[in-house]
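Since the structure comes first, as C-alpha cells, the remarks are kept for the end.
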Amino acid sequence: MAFRLLYLIFCQLIGWLALLAREQTSKNAEILVLRHEVAVLRRQVARPRPCWPDRAVLSALARLLPTQRRRHRFVAPQTMLRWHRELVRWHWTRPHRPPGRPAIPRELRRLILRFAAENPTWGLPAHPRGTNPTWTQGRTEHGVAAPQAGRYRPGTASRGLDLAAVPVRAGQGILACDFFHVDTVLLKRLYVLFVTELGTRQVHIFGVTATPTGVWVSQQARNLLMDLDERIGQGKFLLRDRDVKFTDTFDAVFASEGIRILLIPVRAPRANAFAERWVGTVRRELLDRMLIFGRRHLESALSDYVTHYNRHRPHRSLGQAPPSGAVPPPLQRLMRGFSGTIVSVG
C-alpha cells in the first residue's frame, strides 16, 4: 500500500510537469471533457470506493482547490475528516489486555447485592477507625477488594474528594485543570493543558506540547500565574486528577498563591466534570471540523477559539452571557431592547 501511494504521488508530479508545457486552450478543453466524463460516470456508479492511497492523494490535492470547488467533488470535506479519524483510530489500535481488574463473576455480583440488601448498615470501610469484620472476611475469601465491590454496592460514596472543603456556593473560587490530546494529519499526537474557572466558566490554555513532562507542566503553571496576576488570588482550590505529570512542584506553584489542591478519585473523570465537558465542547465546535497540521496551527486555532469562548459564546448557566461579559450576545442585546414591553396576541 505504501508503494502504491508513492507511485500515485510520482504520477501526479509527472502529470503536473507535463501540464506546464501545454497551452491554456488545450487545458481548458480537456477540463471540459473530463467534467462531462465524470458526469456520465456519476449516473452509472452509485458509490465509489477509493483505497487508502487514493484517499491520501485526493485529500492532498483538494487543499489546492478553491473552497467552493471542494464541495462539488464526489468526496465531501466531511468525508475527508472521517477518513482522518479512521486513520488515527487504526494507528492507535493495538492488541492489549483490557485495563483494570478482571471482571467479577455474575454470581459474586448477586452475592454483593444480597449482602447490601440484607445488611444496609454494614456499608464499606469509609474511615481508618476500623473495618467491618464480616465484610472483610467475605471479600478476602472471594478475592474482591473493597473499591472493586463498591461499584456494585448501592449508596457507597466516593472518598477521593474532601467534600467538606468545597465552598457553599459551588464553583466559586475553584479551578479545574486537565489534559486532552489532538492527532495531527501526520498522526503526531499533541497534548493540551488547560484550566477552567468553575465560577465564571472562563478557560485558559497552559500550553501545547508533544512531550508533556513534569518539568514542562510546572513551568506552564508559573507562566499562567504570571498572566492571570491578580485574578489568581480569587482561586481557593485547584481540582485535578492523579496524573504523574502533576508533580509536587506543580502543586507547590499553586500552594504559594494560597490555592489548595483537590484530587479526584482514581479513574473517576466525572469528578472533574467541568473540565471534561469543555473538552467535549472544543472537540465538537472546533477540532472535529478541521485538520491540524502541527503545533503552531493548533496553538493558533485554540487561541482564537478560547477568545471566542470567553468573550462571545453565550452560556446558559450565566444567563446567556459570555464568561468575561465583555460583549453580550446579539440575542441578549435584542432581549434587553424589549425589556419591560408587553406583547399581546388576539
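Each chain of the C-alpha cells is named A, B, ... in the order shown, its residues numbered from 1; ligands are numbered from 1 in display order.
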Counting only C-alpha atoms, which residues in region 217-254 of chain A sit no more than 6 Å from region 261-277 of chain A? For each one, give the nearest pair of atoms and the distance in Å, sorted by chain then residue number, as a tab-separated table.
residue	atom	partner	partner_atom	distance
A:Phe237	CA	A:Ile261	CA	5.8
A:Leu238	CA	A:Ile261	CA	4.9
A:Leu239	CA	A:Leu262	CA	4.8
A:Arg240	CA	A:Leu263	CA	5.5
A:Asp241	CA	A:Ile264	CA	5.3
I need the chosen residues saved as a PDB file, in the first residue's frame, with C-alpha atoms.
ATOM      1  CA  PHE A 237      -8.956  25.307  45.193  1.00  0.00           C
ATOM      2  CA  LEU A 238      -7.472  23.529  42.184  1.00  0.00           C
ATOM      3  CA  LEU A 239      -9.209  20.346  41.069  1.00  0.00           C
ATOM      4  CA  ARG A 240      -7.054  17.878  39.138  1.00  0.00           C
ATOM      5  CA  ASP A 241      -6.641  14.174  38.504  1.00  0.00           C
TER       6      ASP A 241
END
Query - helix (DSSP H, G or I) residues, from DSSP on the backbone, in region 175-313 of chain A, as a ChimeraX atom specification - result: /A:214-234,248-255,269-285,287-289,295-311
Report task. Excluding Arg289 (chain A) and any residue of its chain fewer than 2 positions from it, enumerate the residues within 12 Å of it, using only C-alpha atoms, and give them as a list in words. Result -> Pro77, Gln78, Thr79, Met80, Leu81, Arg82, His84, Arg85, Val282, Arg283, Arg284, Glu285, Leu286, Leu287, Leu291, Ile292 and Ala301 of chain A
Would you save the residues from that selection as a compact mmCIF listing (two decimals), in the first residue's frame, using N, CA and C atoms?
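File written: part-v3.txt
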# COMPACT_ATOMS: atom_id res chain seq x y z
N PRO A 77 -15.91 17.44 2.06
CA PRO A 77 -14.93 17.72 3.12
C PRO A 77 -15.19 16.94 4.40
N GLN A 78 -16.46 16.69 4.75
CA GLN A 78 -16.76 15.90 5.95
C GLN A 78 -16.26 14.47 5.80
N THR A 79 -16.27 13.94 4.57
CA THR A 79 -15.76 12.59 4.34
C THR A 79 -14.26 12.52 4.55
N MET A 80 -13.54 13.57 4.14
CA MET A 80 -12.09 13.60 4.36
C MET A 80 -11.76 13.65 5.85
N LEU A 81 -12.56 14.40 6.62
CA LEU A 81 -12.35 14.42 8.07
C LEU A 81 -12.61 13.04 8.67
N ARG A 82 -13.63 12.34 8.15
CA ARG A 82 -13.91 10.99 8.65
C ARG A 82 -12.77 10.04 8.29
N HIS A 84 -9.65 10.81 8.13
CA HIS A 84 -8.56 11.07 9.06
C HIS A 84 -8.86 10.46 10.43
N ARG A 85 -10.10 10.54 10.91
CA ARG A 85 -10.44 9.91 12.19
C ARG A 85 -10.25 8.40 12.13
N VAL A 282 -14.89 21.80 22.94
CA VAL A 282 -13.88 22.24 21.97
C VAL A 282 -13.70 21.21 20.86
N ARG A 283 -13.97 19.94 21.15
CA ARG A 283 -13.89 18.94 20.08
C ARG A 283 -15.07 19.09 19.11
N ARG A 284 -16.27 19.25 19.64
CA ARG A 284 -17.44 19.34 18.77
C ARG A 284 -17.43 20.62 17.94
N GLU A 285 -17.01 21.74 18.52
CA GLU A 285 -17.13 23.03 17.85
C GLU A 285 -15.88 23.43 17.06
N LEU A 286 -14.75 22.76 17.29
CA LEU A 286 -13.52 23.18 16.61
C LEU A 286 -12.74 22.01 16.03
N LEU A 287 -12.27 21.10 16.88
CA LEU A 287 -11.30 20.10 16.45
C LEU A 287 -11.90 19.05 15.53
N LEU A 291 -8.62 19.83 10.19
CA LEU A 291 -7.43 19.01 10.31
C LEU A 291 -6.29 19.88 10.82
N ILE A 292 -5.57 19.37 11.81
CA ILE A 292 -4.46 20.10 12.43
C ILE A 292 -3.15 19.62 11.80
N ALA A 301 -5.31 27.98 16.39
CA ALA A 301 -6.74 27.66 16.39
C ALA A 301 -7.33 27.72 17.79
Query raised in the report: If we count only C-alpha atoms, what is near Arg296 (chain A) at a cut-off of 12 Å, once residues fewer than 4 positions away on the same chain are taken out, given as a ChimeraX atom specification?
Result: /A:184,190,207-210,292,300-303
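Separating CA of Ile9 (chain A) from CA of Trp83 (chain A) is a distance of 18.5 Å.
Taking CA of Arg89 (chain A) and CA of Leu8 (chain A) as endpoints, the distance between them is 24.2 Å.
Taking CA of Arg4 (chain A) and CA of Asp54 (chain A) as endpoints, the distance between them is 9.1 Å.
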Report summary line: In terms of only C-alpha atoms, the residue from A:Val306, A:Val244, A:Thr211, A:Trp278 at minimal distance from Ala176 (chain A) is A:Trp278
